[in-house]
$ cat query-v9.pdb   # PDB, C-alpha atoms
ATOM      1  CA  MET A  95     135.775 -60.121 -13.967
ATOM      2  CA  THR A  96     136.537 -63.556 -12.512
ATOM      3  CA  GLU A  97     134.431 -64.935  -9.702
ATOM      4  CA  GLN A  98     136.279 -65.925  -6.518
ATOM      5  CA  VAL A  99     134.904 -68.595  -4.224
ATOM      6  CA  ILE A 100     135.946 -70.338  -1.001
ATOM      7  CA  LYS A 101     135.249 -74.068  -0.661
ATOM      8  CA  ARG A 102     135.758 -76.518   2.173
ATOM      9  CA  GLY A 103     138.181 -79.366   1.765
ATOM     10  CA  LEU A 104     139.975 -82.206   3.533
ATOM     11  CA  LEU A 105     143.759 -82.241   3.499
ATOM     12  CA  GLN A 106     145.094 -85.395   1.813
ATOM     13  CA  THR A 107     148.851 -84.710   1.693
ATOM     14  CA  PHE A 108     151.245 -81.914   2.629
ATOM     15  CA  ASN A 109     154.706 -81.261   1.154
ATOM     16  CA  SER A 110     156.748 -79.080   3.528
ATOM     17  CA  ALA A 111     159.519 -78.604   0.937
ATOM     18  CA  THR A 112     157.198 -76.965  -1.613
ATOM     19  CA  TYR A 113     154.543 -75.835   0.888
ATOM     20  CA  THR A 114     151.835 -77.400  -1.247
ATOM     21  CA  ALA A 115     149.128 -79.928  -0.495
ATOM     22  CA  SER A 116     146.562 -82.144  -2.117
ATOM     23  CA  VAL A 117     143.032 -81.538  -0.961
ATOM     24  CA  LEU A 118     139.698 -83.302  -1.420
ATOM     25  CA  ILE A 119     137.001 -80.713  -2.159
ATOM     26  CA  ILE A 120     134.024 -81.608   0.079
ATOM     27  CA  GLU A 121     131.368 -80.342  -2.377
ATOM     28  CA  ALA A 122     132.873 -82.633  -5.052
ATOM     29  CA  THR A 123     133.620 -85.735  -2.970
ATOM     30  CA  SER A 124     135.629 -87.491  -5.650
ATOM     31  CA  TYR A 125     137.680 -84.488  -6.808
ATOM     32  CA  VAL A 126     141.198 -84.117  -5.390
ATOM     33  CA  LEU A 127     143.310 -81.073  -6.252
ATOM     34  CA  ALA A 128     147.067 -81.667  -6.264
ATOM     35  CA  ASN A 129     149.943 -79.234  -5.631
ATOM     36  CA  VAL A 130     147.723 -76.534  -4.145
ATOM     37  CA  PRO A 131     149.828 -73.774  -2.555
ATOM     38  CA  VAL A 132     149.360 -73.410   1.212
ATOM     39  CA  ALA A 133     149.336 -69.862   2.594
ATOM     40  CA  THR A 134     152.596 -69.152   4.413
ATOM     41  CA  SER A 135     150.577 -67.901   7.394
ATOM     42  CA  VAL A 136     149.554 -71.530   8.010
ATOM     43  CA  ASP A 137     151.946 -73.303  10.373
ATOM     44  CA  GLY A 138     153.258 -76.426   8.664
ATOM     45  CA  THR A 139     152.800 -78.458  11.851
ATOM     46  CA  SER A 140     149.051 -77.874  11.517
ATOM     47  CA  ALA A 141     148.938 -79.449   8.053
ATOM     48  CA  LEU A 142     147.751 -82.835   9.294
ATOM     49  CA  ILE A 143     146.166 -85.412   7.003
ATOM     50  CA  GLY A 144     142.393 -85.335   7.417
ATOM     51  CA  ALA A 145     142.276 -81.754   8.690
ATOM     52  CA  ASN A 146     139.585 -79.449   7.347
ATOM     53  CA  CYS A 147     140.780 -76.579   5.200
ATOM     54  CA  ALA A 148     139.441 -73.479   3.476
ATOM     55  CA  VAL A 149     140.412 -73.302  -0.194
ATOM     56  CA  LEU A 150     140.197 -69.986  -2.031
ATOM     57  CA  PHE A 151     139.635 -70.325  -5.768
ATOM     58  CA  LEU A 152     140.880 -67.070  -7.276
ATOM     59  CA  ASP A 153     139.033 -67.998 -10.460
ATOM     60  CA  ALA A 154     136.047 -70.273  -9.869
ATOM     61  CA  GLN A 155     136.349 -71.573 -13.440
ATOM     62  CA  ASN A 156     140.022 -72.563 -13.032
ATOM     63  CA  PRO A 157     140.577 -75.171 -10.275
ATOM     64  CA  SER A 158     144.362 -74.891 -10.633
ATOM     65  CA  ASP A 159     144.206 -71.238  -9.508
ATOM     66  CA  ALA A 160     143.664 -71.909  -5.795
ATOM     67  CA  VAL A 161     145.337 -71.496  -2.395
ATOM     68  CA  ILE A 162     144.684 -73.104   0.990
ATOM     69  CA  LEU A 163     143.957 -70.192   3.344
ATOM     70  CA  ALA A 164     143.376 -71.994   6.625
ATOM     71  CA  ILE A 165     143.586 -75.423   8.207
ATOM     72  CA  TYR A 166     141.312 -76.286  11.122
ATOM     73  CA  GLY A 167     139.585 -79.081  12.999
ATOM     74  CA  VAL A 168     142.690 -81.047  14.032
ATOM     75  CA  THR A 169     144.979 -79.877  16.807
ATOM     76  CA  PRO A 170     148.627 -80.816  16.325
ATOM     77  CA  VAL A 171     150.486 -82.235  19.311
ATOM     78  CA  PRO A 172     152.374 -80.365  20.494
ATOM     79  CA  ALA A 173     150.465 -77.230  19.497
ATOM     80  CA  PRO A 174     152.338 -74.958  17.060
ATOM     81  CA  ALA A 175     154.393 -72.227  18.670
ATOM     82  CA  ARG A 176     155.106 -68.687  17.596
ATOM     83  CA  VAL A 177     158.159 -66.695  18.644
ATOM     84  CA  VAL A 178     157.575 -63.034  19.485
ATOM     85  CA  PHE A 179     160.496 -60.677  20.104
ATOM     86  CA  VAL A 180     160.081 -57.885  22.653
ATOM     87  CA  THR A 181     162.207 -55.091  24.075
ATOM     88  CA  PRO A 182     164.619 -56.686  26.584
ATOM     89  CA  PHE A 183     163.157 -56.660  30.076
ATOM     90  CA  ILE A 184     165.120 -57.299  33.270
ATOM     91  CA  GLN A 185     163.339 -60.004  35.263
ATOM     92  CA  LEU A 186     166.003 -60.631  37.934
ATOM     93  CA  ASN A 187     168.595 -57.995  38.804
ATOM     94  CA  ASN A 188     171.628 -59.231  40.756
ATOM     95  CA  VAL A 189     169.504 -61.589  42.849
ATOM     96  CA  ALA A 190     171.553 -63.433  45.484
ATOM     97  CA  ILE A 191     170.730 -67.121  45.958
ATOM     98  CA  ASN A 192     172.413 -69.207  48.652
ATOM     99  CA  SER A 193     174.028 -72.512  47.727
ATOM    100  CA  GLY A 194     171.518 -75.368  47.561
ATOM    101  CA  VAL A 195     168.515 -73.024  47.601
ATOM    102  CA  THR A 196     165.892 -72.974  44.851
ATOM    103  CA  ASN A 197     163.890 -69.761  44.317
ATOM    104  CA  THR A 198     160.745 -69.463  42.205
ATOM    105  CA  TYR A 199     160.022 -66.411  40.045
ATOM    106  CA  THR A 200     157.015 -65.441  37.918
ATOM    107  CA  LEU A 201     158.033 -64.040  34.523
ATOM    108  CA  THR A 202     154.574 -63.166  33.181
ATOM    109  CA  GLY A 203     151.967 -60.572  34.081
ATOM    110  CA  VAL A 204     151.491 -56.832  34.203
ATOM    111  CA  THR A 205     154.845 -55.906  35.754
ATOM    112  CA  SER A 206     156.948 -58.429  33.804
ATOM    113  CA  GLY A 207     156.742 -57.136  30.244
ATOM    114  CA  LEU A 208     155.404 -60.548  29.103
ATOM    115  CA  PRO A 209     151.807 -61.707  28.626
ATOM    116  CA  VAL A 210     150.139 -64.390  30.745
ATOM    117  CA  GLY A 211     149.701 -67.765  29.026
ATOM    118  CA  ILE A 212     153.017 -67.967  27.166
ATOM    119  CA  THR A 213     154.880 -71.297  27.076
ATOM    120  CA  GLY A 214     158.505 -70.158  27.114
ATOM    121  CA  VAL A 215     160.903 -67.225  27.048
ATOM    122  CA  LEU A 216     163.996 -66.229  25.145
ATOM    123  CA  CYS A 217     166.348 -65.218  27.915
ATOM    124  CA  ARG A 218     169.866 -64.097  28.674
ATOM    125  CA  ALA A 219     171.289 -64.741  32.127
ATOM    126  CA  TYR A 220     174.402 -63.544  33.944
ATOM    127  CA  PHE A 221     175.846 -65.541  36.807
ATOM    128  CA  GLY A 222     178.600 -64.953  39.331
ATOM    129  CA  SER A 223     179.935 -66.594  42.468
ATOM    130  CA  ALA A 224     182.881 -66.330  44.839
ATOM    131  CA  THR A 225     183.124 -70.137  44.782
ATOM    132  CA  VAL A 226     185.149 -72.021  42.168
ATOM    133  CA  GLY A 227     183.006 -74.739  40.558
ATOM    134  CA  ALA A 228     179.699 -73.038  41.381
ATOM    135  CA  TRP A 229     176.853 -73.226  38.873
ATOM    136  CA  ALA A 230     173.237 -72.185  38.546
ATOM    137  CA  ALA A 231     170.327 -74.152  37.108
ATOM    138  CA  ILE A 232     167.167 -72.578  35.675
ATOM    139  CA  ALA A 233     164.089 -74.661  34.836
ATOM    140  CA  PRO A 234     160.323 -74.341  34.506
ATOM    141  CA  HIS A 235     158.807 -74.339  37.999
ATOM    142  CA  GLY A 236     158.496 -77.939  39.173
ATOM    143  CA  GLY A 237     160.706 -79.230  36.351
ATOM    144  CA  THR A 238     163.773 -81.343  36.991
ATOM    145  CA  ILE A 239     166.324 -78.703  37.909
ATOM    146  CA  GLY A 240     169.541 -79.199  35.976
ATOM    147  CA  ASN A 241     167.802 -80.693  32.926
ATOM    148  CA  TYR A 242     167.230 -77.282  31.342
ATOM    149  CA  PHE A 243     169.364 -74.109  31.333
ATOM    150  CA  VAL A 244     172.649 -74.357  33.275
ATOM    151  CA  LEU A 245     175.295 -71.653  33.795
ATOM    152  CA  GLY A 246     178.650 -72.744  35.211
ATOM    153  CA  ASN A 247     180.840 -74.451  36.408
ATOM    154  CA  GLN A 248     182.741 -71.351  37.326
ATOM    155  CA  GLN A 249     186.522 -71.817  36.857
ATOM    156  CA  ILE A 250     187.718 -68.663  38.638
ATOM    157  CA  ALA A 251     186.291 -67.109  41.824
ATOM    158  CA  ASN A 252     184.166 -63.997  41.217
ATOM    159  CA  GLN A 253     184.103 -64.672  37.502
ATOM    160  CA  SER A 254     181.044 -63.554  35.535
ATOM    161  CA  MET A 255     179.438 -66.023  33.114
ATOM    162  CA  ASN A 256     176.509 -65.560  30.753
ATOM    163  CA  GLY A 257     174.398 -67.477  28.288
ATOM    164  CA  ASN A 258     171.219 -67.437  26.245
ATOM    165  CA  ALA A 259     168.395 -69.977  26.232
ATOM    166  CA  LEU A 260     164.894 -70.721  25.061
ATOM    167  CA  LEU A 261     163.474 -71.635  28.447
ATOM    168  CA  PRO A 262     160.103 -73.335  28.976
ATOM    169  CA  LEU A 263     157.773 -71.930  31.650
ATOM    170  CA  ASP A 264     155.236 -73.792  33.737
ATOM    171  CA  SER A 265     151.525 -73.096  33.176
ATOM    172  CA  SER A 266     151.694 -70.166  35.646
ATOM    173  CA  GLY A 267     154.625 -68.490  33.868
ATOM    174  CA  GLN A 268     157.107 -69.465  36.571
ATOM    175  CA  ILE A 269     160.718 -70.649  36.689
ATOM    176  CA  ASP A 270     162.927 -72.127  39.386
ATOM    177  CA  VAL A 271     166.530 -70.964  39.870
ATOM    178  CA  LYS A 272     168.938 -72.991  42.023
ATOM    179  CA  ALA A 273     172.460 -72.142  43.155
ATOM    180  CA  ASN A 274     174.828 -75.107  43.332
ATOM    181  CA  LEU A 275     178.214 -75.544  45.082
ATOM    182  CA  GLY A 276     178.292 -71.889  46.148
ATOM    183  CA  ASN A 277     176.245 -68.755  46.691
ATOM    184  CA  CYS A 278     175.354 -67.158  43.355
ATOM    185  CA  THR A 279     174.182 -63.846  41.974
ATOM    186  CA  ILE A 280     171.827 -64.024  38.981
ATOM    187  CA  THR A 281     170.624 -61.425  36.502
ATOM    188  CA  LEU A 282     168.067 -62.539  33.913
ATOM    189  CA  TYR A 283     166.674 -60.618  30.930
ATOM    190  CA  THR A 284     163.869 -61.749  28.643
ATOM    191  CA  TYR A 285     163.723 -60.568  25.051
ATOM    192  CA  GLY A 286     161.061 -62.769  23.523
ATOM    193  CA  TYR A 287     158.510 -65.474  24.183
ATOM    194  CA  THR A 288     156.757 -68.426  22.607
ATOM    195  CA  THR A 289     153.024 -69.010  22.540
TER     196      THR A 289
END

$ encode --input "query-v9.pdb" --output "structure tokens"
Amino acid sequence: MTEQVIKRGLLQTFNSATYTASVLIIEATSYVLANVPVATSVDGTSALIGANCAVLFLDAQNPSDAVILAIYGVTPVPAPARVVFVTPFIQLNNVAINSGVTNTYTLTGVTSGLPVGITGVLCRAYFGSATVGAWAAIAPHGGTIGNYFVLGNQQIANQSMNGNALLPLDSSGQIDVKANLGNCTITLYTYGYTT
């Protein structure tokens, strides 16, 4: 039976095409392993040069039979995100917003279907207005409205428009929605989030 062992290392290089890395084994300060597979559970954005890593040797006598299990000690900027899909949840249901008005809504918490602390949502929004040229802007609360998710400009009165977006949230899980050039009605579903 072969002996398995985990050793600490320092990441020297990372190849995102092959998902392999070279790593300096800390216990053997002059020994660098090349082309070591990196576990697919490790986010590639975390594979920063100089980061600590845990290397599993499946056979302690065969240094080429290894895999990097974890990378730690260096935080990538921005932090890696994960997308989680959830059952669609209606956040706003035919909410009327007057022209020029910005409303703020919280999309996270117990009654929202989404956990607190997420950074963004996958959303689908429906928009309608009796005013030709009207449009709606949706942004993270406090963000520059109009620089994010926009629905419109409506070409026909009482037309319904829709679209999907990956929308950032502010640190409190809030968004701003603004009606422009006419009163609007908005429906917004979320069906996923990023962490």

$ resolve_selection --input "query-v9.pdb" --expression "the PyMOL selection byres ((chain A and resi 228-242) around 7)" --output "ChimeraX atom specification"
/A:198,223,225-227,243-248,262-264,268-276

$ write_last_selection --input "query-v9.pdb" --atoms "C-alpha atoms" --output "PDB file, in the coordinates of the input"
ATOM      1  CA  THR A 198     160.745 -69.463  42.205  1.00  0.00           C
ATOM      2  CA  SER A 223     179.935 -66.594  42.468  1.00  0.00           C
ATOM      3  CA  THR A 225     183.124 -70.137  44.782  1.00  0.00           C
ATOM      4  CA  VAL A 226     185.149 -72.021  42.168  1.00  0.00           C
ATOM      5  CA  GLY A 227     183.006 -74.739  40.558  1.00  0.00           C
ATOM      6  CA  PHE A 243     169.364 -74.109  31.333  1.00  0.00           C
ATOM      7  CA  VAL A 244     172.649 -74.357  33.275  1.00  0.00           C
ATOM      8  CA  LEU A 245     175.295 -71.653  33.795  1.00  0.00           C
ATOM      9  CA  GLY A 246     178.650 -72.744  35.211  1.00  0.00           C
ATOM     10  CA  ASN A 247     180.840 -74.451  36.408  1.00  0.00           C
ATOM     11  CA  GLN A 248     182.741 -71.351  37.326  1.00  0.00           C
ATOM     12  CA  PRO A 262     160.103 -73.335  28.976  1.00  0.00           C
ATOM     13  CA  LEU A 263     157.773 -71.930  31.650  1.00  0.00           C
ATOM     14  CA  ASP A 264     155.236 -73.792  33.737  1.00  0.00           C
ATOM     15  CA  GLN A 268     157.107 -69.465  36.571  1.00  0.00           C
ATOM     16  CA  ILE A 269     160.718 -70.649  36.689  1.00  0.00           C
ATOM     17  CA  ASP A 270     162.927 -72.127  39.386  1.00  0.00           C
ATOM     18  CA  VAL A 271     166.530 -70.964  39.870  1.00  0.00           C
ATOM     19  CA  LYS A 272     168.938 -72.991  42.023  1.00  0.00           C
ATOM     20  CA  ALA A 273     172.460 -72.142  43.155  1.00  0.00           C
ATOM     21  CA  ASN A 274     174.828 -75.107  43.332  1.00  0.00           C
ATOM     22  CA  LEU A 275     178.214 -75.544  45.082  1.00  0.00           C
ATOM     23  CA  GLY A 276     178.292 -71.889  46.148  1.00  0.00           C
TER      24      GLY A 276
END

$ atom_distance --input "query-v9.pdb" --atom1 "atom CA of Phe151 of chain A" --atom2 "atom CA of Val130 of chain A"
10.3 Å

$ resolve_selection --input "query-v9.pdb" --expression "the PyMOL selection byres ((chain A and resi 284) around 6)" --output "list in words"
Pro182, Phe183, Leu216, Cys217, Tyr283, Tyr285 and Gly286 of chain A

$ atom_distance --input "query-v9.pdb" --atom1 "atom CA of Leu105 of chain A" --atom2 "atom CA of Val126 of chain A"
9.4 Å

$ residues_near_point --input "query-v9.pdb" --point "(136.6, -69.2, -15.1)" --cutoff "10 Å" --atoms "all atoms listed in the file" --output "ChimeraX atom specification"
/A:95-98,151-157,159

$ resolve_selection --input "query-v9.pdb" --expression "the PyMOL selection byres ((chain A and resi 131-141) around 12)" --output "PDB file with C-alpha atoms, keeping the file's coordinate frame"
ATOM      1  CA  LEU A 104     139.975 -82.206   3.533  1.00  0.00           C
ATOM      2  CA  LEU A 105     143.759 -82.241   3.499  1.00  0.00           C
ATOM      3  CA  GLN A 106     145.094 -85.395   1.813  1.00  0.00           C
ATOM      4  CA  THR A 107     148.851 -84.710   1.693  1.00  0.00           C
ATOM      5  CA  PHE A 108     151.245 -81.914   2.629  1.00  0.00           C
ATOM      6  CA  ASN A 109     154.706 -81.261   1.154  1.00  0.00           C
ATOM      7  CA  SER A 110     156.748 -79.080   3.528  1.00  0.00           C
ATOM      8  CA  ALA A 111     159.519 -78.604   0.937  1.00  0.00           C
ATOM      9  CA  THR A 112     157.198 -76.965  -1.613  1.00  0.00           C
ATOM     10  CA  TYR A 113     154.543 -75.835   0.888  1.00  0.00           C
ATOM     11  CA  THR A 114     151.835 -77.400  -1.247  1.00  0.00           C
ATOM     12  CA  ALA A 115     149.128 -79.928  -0.495  1.00  0.00           C
ATOM     13  CA  SER A 116     146.562 -82.144  -2.117  1.00  0.00           C
ATOM     14  CA  VAL A 117     143.032 -81.538  -0.961  1.00  0.00           C
ATOM     15  CA  LEU A 127     143.310 -81.073  -6.252  1.00  0.00           C
ATOM     16  CA  ALA A 128     147.067 -81.667  -6.264  1.00  0.00           C
ATOM     17  CA  ASN A 129     149.943 -79.234  -5.631  1.00  0.00           C
ATOM     18  CA  VAL A 130     147.723 -76.534  -4.145  1.00  0.00           C
ATOM     19  CA  LEU A 142     147.751 -82.835   9.294  1.00  0.00           C
ATOM     20  CA  ILE A 143     146.166 -85.412   7.003  1.00  0.00           C
ATOM     21  CA  GLY A 144     142.393 -85.335   7.417  1.00  0.00           C
ATOM     22  CA  ALA A 145     142.276 -81.754   8.690  1.00  0.00           C
ATOM     23  CA  ASN A 146     139.585 -79.449   7.347  1.00  0.00           C
ATOM     24  CA  CYS A 147     140.780 -76.579   5.200  1.00  0.00           C
ATOM     25  CA  ALA A 148     139.441 -73.479   3.476  1.00  0.00           C
ATOM     26  CA  VAL A 149     140.412 -73.302  -0.194  1.00  0.00           C
ATOM     27  CA  LEU A 150     140.197 -69.986  -2.031  1.00  0.00           C
ATOM     28  CA  PHE A 151     139.635 -70.325  -5.768  1.00  0.00           C
ATOM     29  CA  SER A 158     144.362 -74.891 -10.633  1.00  0.00           C
ATOM     30  CA  ASP A 159     144.206 -71.238  -9.508  1.00  0.00           C
ATOM     31  CA  ALA A 160     143.664 -71.909  -5.795  1.00  0.00           C
ATOM     32  CA  VAL A 161     145.337 -71.496  -2.395  1.00  0.00           C
ATOM     33  CA  ILE A 162     144.684 -73.104   0.990  1.00  0.00           C
ATOM     34  CA  LEU A 163     143.957 -70.192   3.344  1.00  0.00           C
ATOM     35  CA  ALA A 164     143.376 -71.994   6.625  1.00  0.00           C
ATOM     36  CA  ILE A 165     143.586 -75.423   8.207  1.00  0.00           C
ATOM     37  CA  TYR A 166     141.312 -76.286  11.122  1.00  0.00           C
ATOM     38  CA  GLY A 167     139.585 -79.081  12.999  1.00  0.00           C
ATOM     39  CA  VAL A 168     142.690 -81.047  14.032  1.00  0.00           C
ATOM     40  CA  THR A 169     144.979 -79.877  16.807  1.00  0.00           C
ATOM     41  CA  PRO A 170     148.627 -80.816  16.325  1.00  0.00           C
ATOM     42  CA  VAL A 171     150.486 -82.235  19.311  1.00  0.00           C
ATOM     43  CA  PRO A 172     152.374 -80.365  20.494  1.00  0.00           C
ATOM     44  CA  ALA A 173     150.465 -77.230  19.497  1.00  0.00           C
ATOM     45  CA  PRO A 174     152.338 -74.958  17.060  1.00  0.00           C
ATOM     46  CA  ALA A 175     154.393 -72.227  18.670  1.00  0.00           C
ATOM     47  CA  ARG A 176     155.106 -68.687  17.596  1.00  0.00           C
TER      48      ARG A 176
END

$ atom_distance --input "query-v9.pdb" --atom1 "atom CA of Thr289 of chain A" --atom2 "atom CA of Thr196 of chain A"
26.1 Å

$ residues_near_point --input "query-v9.pdb" --point "(150.7, -62.8, 33.1)" --cutoff "12 Å" --atoms "all atoms listed in the file" --output "compact mmCIF listing (two decimals) with C-alpha atoms, in the coordinates of the input"
# COMPACT_ATOMS: atom_id res chain seq x y z
CA THR A 200 157.01 -65.44 37.92
CA LEU A 201 158.03 -64.04 34.52
CA THR A 202 154.57 -63.17 33.18
CA GLY A 203 151.97 -60.57 34.08
CA VAL A 204 151.49 -56.83 34.20
CA THR A 205 154.84 -55.91 35.75
CA SER A 206 156.95 -58.43 33.80
CA GLY A 207 156.74 -57.14 30.24
CA LEU A 208 155.40 -60.55 29.10
CA PRO A 209 151.81 -61.71 28.63
CA VAL A 210 150.14 -64.39 30.74
CA GLY A 211 149.70 -67.76 29.03
CA ILE A 212 153.02 -67.97 27.17
CA THR A 213 154.88 -71.30 27.08
CA LEU A 263 157.77 -71.93 31.65
CA ASP A 264 155.24 -73.79 33.74
CA SER A 265 151.52 -73.10 33.18
CA SER A 266 151.69 -70.17 35.65
CA GLY A 267 154.62 -68.49 33.87
CA GLN A 268 157.11 -69.46 36.57

$ closest_atom_pairs --input "query-v9.pdb" --of "segment 177-216 of chain A" --to "segment 278-282 of chain A" --cutoff "6 Å" --atoms "all atoms listed in the file" --output "CSV"
residue,atom,partner,partner_atom,distance
A:Gln185,CA,A:Leu282,CA,5.5
A:Leu186,CA,A:Thr281,CA,4.9
A:Asn187,CA,A:Thr281,CA,4.6
A:Asn188,CA,A:Thr281,CA,4.9
A:Val189,CA,A:Ile280,CA,5.1
A:Ala190,CA,A:Thr279,CA,4.4
A:Ile191,CA,A:Cys278,CA,5.3

$ decode --input "query-v9.pdb" --residues "segment 177-193 of chain A" --atoms "N, CA and C atoms" --output "PDB file, in the first residue's frame"
ATOM      1  N   VAL A 177     -21.295  31.504  -8.953  1.00  0.00           N
ATOM      2  CA  VAL A 177     -22.673  31.715  -9.372  1.00  0.00           C
ATOM      3  C   VAL A 177     -23.500  30.554  -8.842  1.00  0.00           C
ATOM      4  N   VAL A 178     -24.609  30.884  -8.190  1.00  0.00           N
ATOM      5  CA  VAL A 178     -25.521  29.883  -7.644  1.00  0.00           C
ATOM      6  C   VAL A 178     -26.889  30.129  -8.277  1.00  0.00           C
ATOM      7  N   PHE A 179     -27.468  29.095  -8.872  1.00  0.00           N
ATOM      8  CA  PHE A 179     -28.800  29.214  -9.452  1.00  0.00           C
ATOM      9  C   PHE A 179     -29.836  28.795  -8.421  1.00  0.00           C
ATOM     10  N   VAL A 180     -30.945  29.536  -8.385  1.00  0.00           N
ATOM     11  CA  VAL A 180     -32.031  29.246  -7.445  1.00  0.00           C
ATOM     12  C   VAL A 180     -33.352  29.245  -8.209  1.00  0.00           C
ATOM     13  N   THR A 181     -34.381  28.731  -7.557  1.00  0.00           N
ATOM     14  CA  THR A 181     -35.728  28.784  -8.134  1.00  0.00           C
ATOM     15  C   THR A 181     -36.095  30.252  -8.335  1.00  0.00           C
ATOM     16  N   PRO A 182     -36.614  30.622  -9.510  1.00  0.00           N
ATOM     17  CA  PRO A 182     -36.981  32.028  -9.737  1.00  0.00           C
ATOM     18  C   PRO A 182     -37.883  32.561  -8.627  1.00  0.00           C
ATOM     19  N   PHE A 183     -37.580  33.778  -8.218  1.00  0.00           N
ATOM     20  CA  PHE A 183     -38.292  34.420  -7.111  1.00  0.00           C
ATOM     21  C   PHE A 183     -38.695  35.818  -7.560  1.00  0.00           C
ATOM     22  N   ILE A 184     -39.952  36.177  -7.399  1.00  0.00           N
ATOM     23  CA  ILE A 184     -40.418  37.491  -7.823  1.00  0.00           C
ATOM     24  C   ILE A 184     -40.094  38.517  -6.743  1.00  0.00           C
ATOM     25  N   GLN A 185     -39.228  39.455  -7.079  1.00  0.00           N
ATOM     26  CA  GLN A 185     -38.805  40.495  -6.139  1.00  0.00           C
ATOM     27  C   GLN A 185     -39.714  41.722  -6.221  1.00  0.00           C
ATOM     28  N   LEU A 186     -40.063  42.116  -7.439  1.00  0.00           N
ATOM     29  CA  LEU A 186     -40.953  43.264  -7.671  1.00  0.00           C
ATOM     30  C   LEU A 186     -42.063  42.790  -8.594  1.00  0.00           C
ATOM     31  N   ASN A 187     -43.307  43.044  -8.230  1.00  0.00           N
ATOM     32  CA  ASN A 187     -44.430  42.556  -9.022  1.00  0.00           C
ATOM     33  C   ASN A 187     -45.310  43.729  -9.462  1.00  0.00           C
ATOM     34  N   ASN A 188     -45.133  44.126 -10.736  1.00  0.00           N
ATOM     35  CA  ASN A 188     -45.902  45.234 -11.302  1.00  0.00           C
ATOM     36  C   ASN A 188     -45.856  46.484 -10.420  1.00  0.00           C
ATOM     37  N   VAL A 189     -44.653  46.863 -10.022  1.00  0.00           N
ATOM     38  CA  VAL A 189     -44.447  48.041  -9.189  1.00  0.00           C
ATOM     39  C   VAL A 189     -44.484  49.289 -10.075  1.00  0.00           C
ATOM     40  N   ALA A 190     -45.335  50.231  -9.728  1.00  0.00           N
ATOM     41  CA  ALA A 190     -45.436  51.490 -10.480  1.00  0.00           C
ATOM     42  C   ALA A 190     -44.431  52.495  -9.925  1.00  0.00           C
ATOM     43  N   ILE A 191     -43.667  53.108 -10.837  1.00  0.00           N
ATOM     44  CA  ILE A 191     -42.691  54.128 -10.462  1.00  0.00           C
ATOM     45  C   ILE A 191     -42.949  55.354 -11.338  1.00  0.00           C
ATOM     46  N   ASN A 192     -43.129  56.499 -10.720  1.00  0.00           N
ATOM     47  CA  ASN A 192     -43.382  57.729 -11.462  1.00  0.00           C
ATOM     48  C   ASN A 192     -42.112  58.211 -12.161  1.00  0.00           C
ATOM     49  N   SER A 193     -42.299  58.887 -13.270  1.00  0.00           N
ATOM     50  CA  SER A 193     -41.184  59.408 -14.056  1.00  0.00           C
ATOM     51  C   SER A 193     -40.265  60.283 -13.207  1.00  0.00           C
TER      52      SER A 193
END
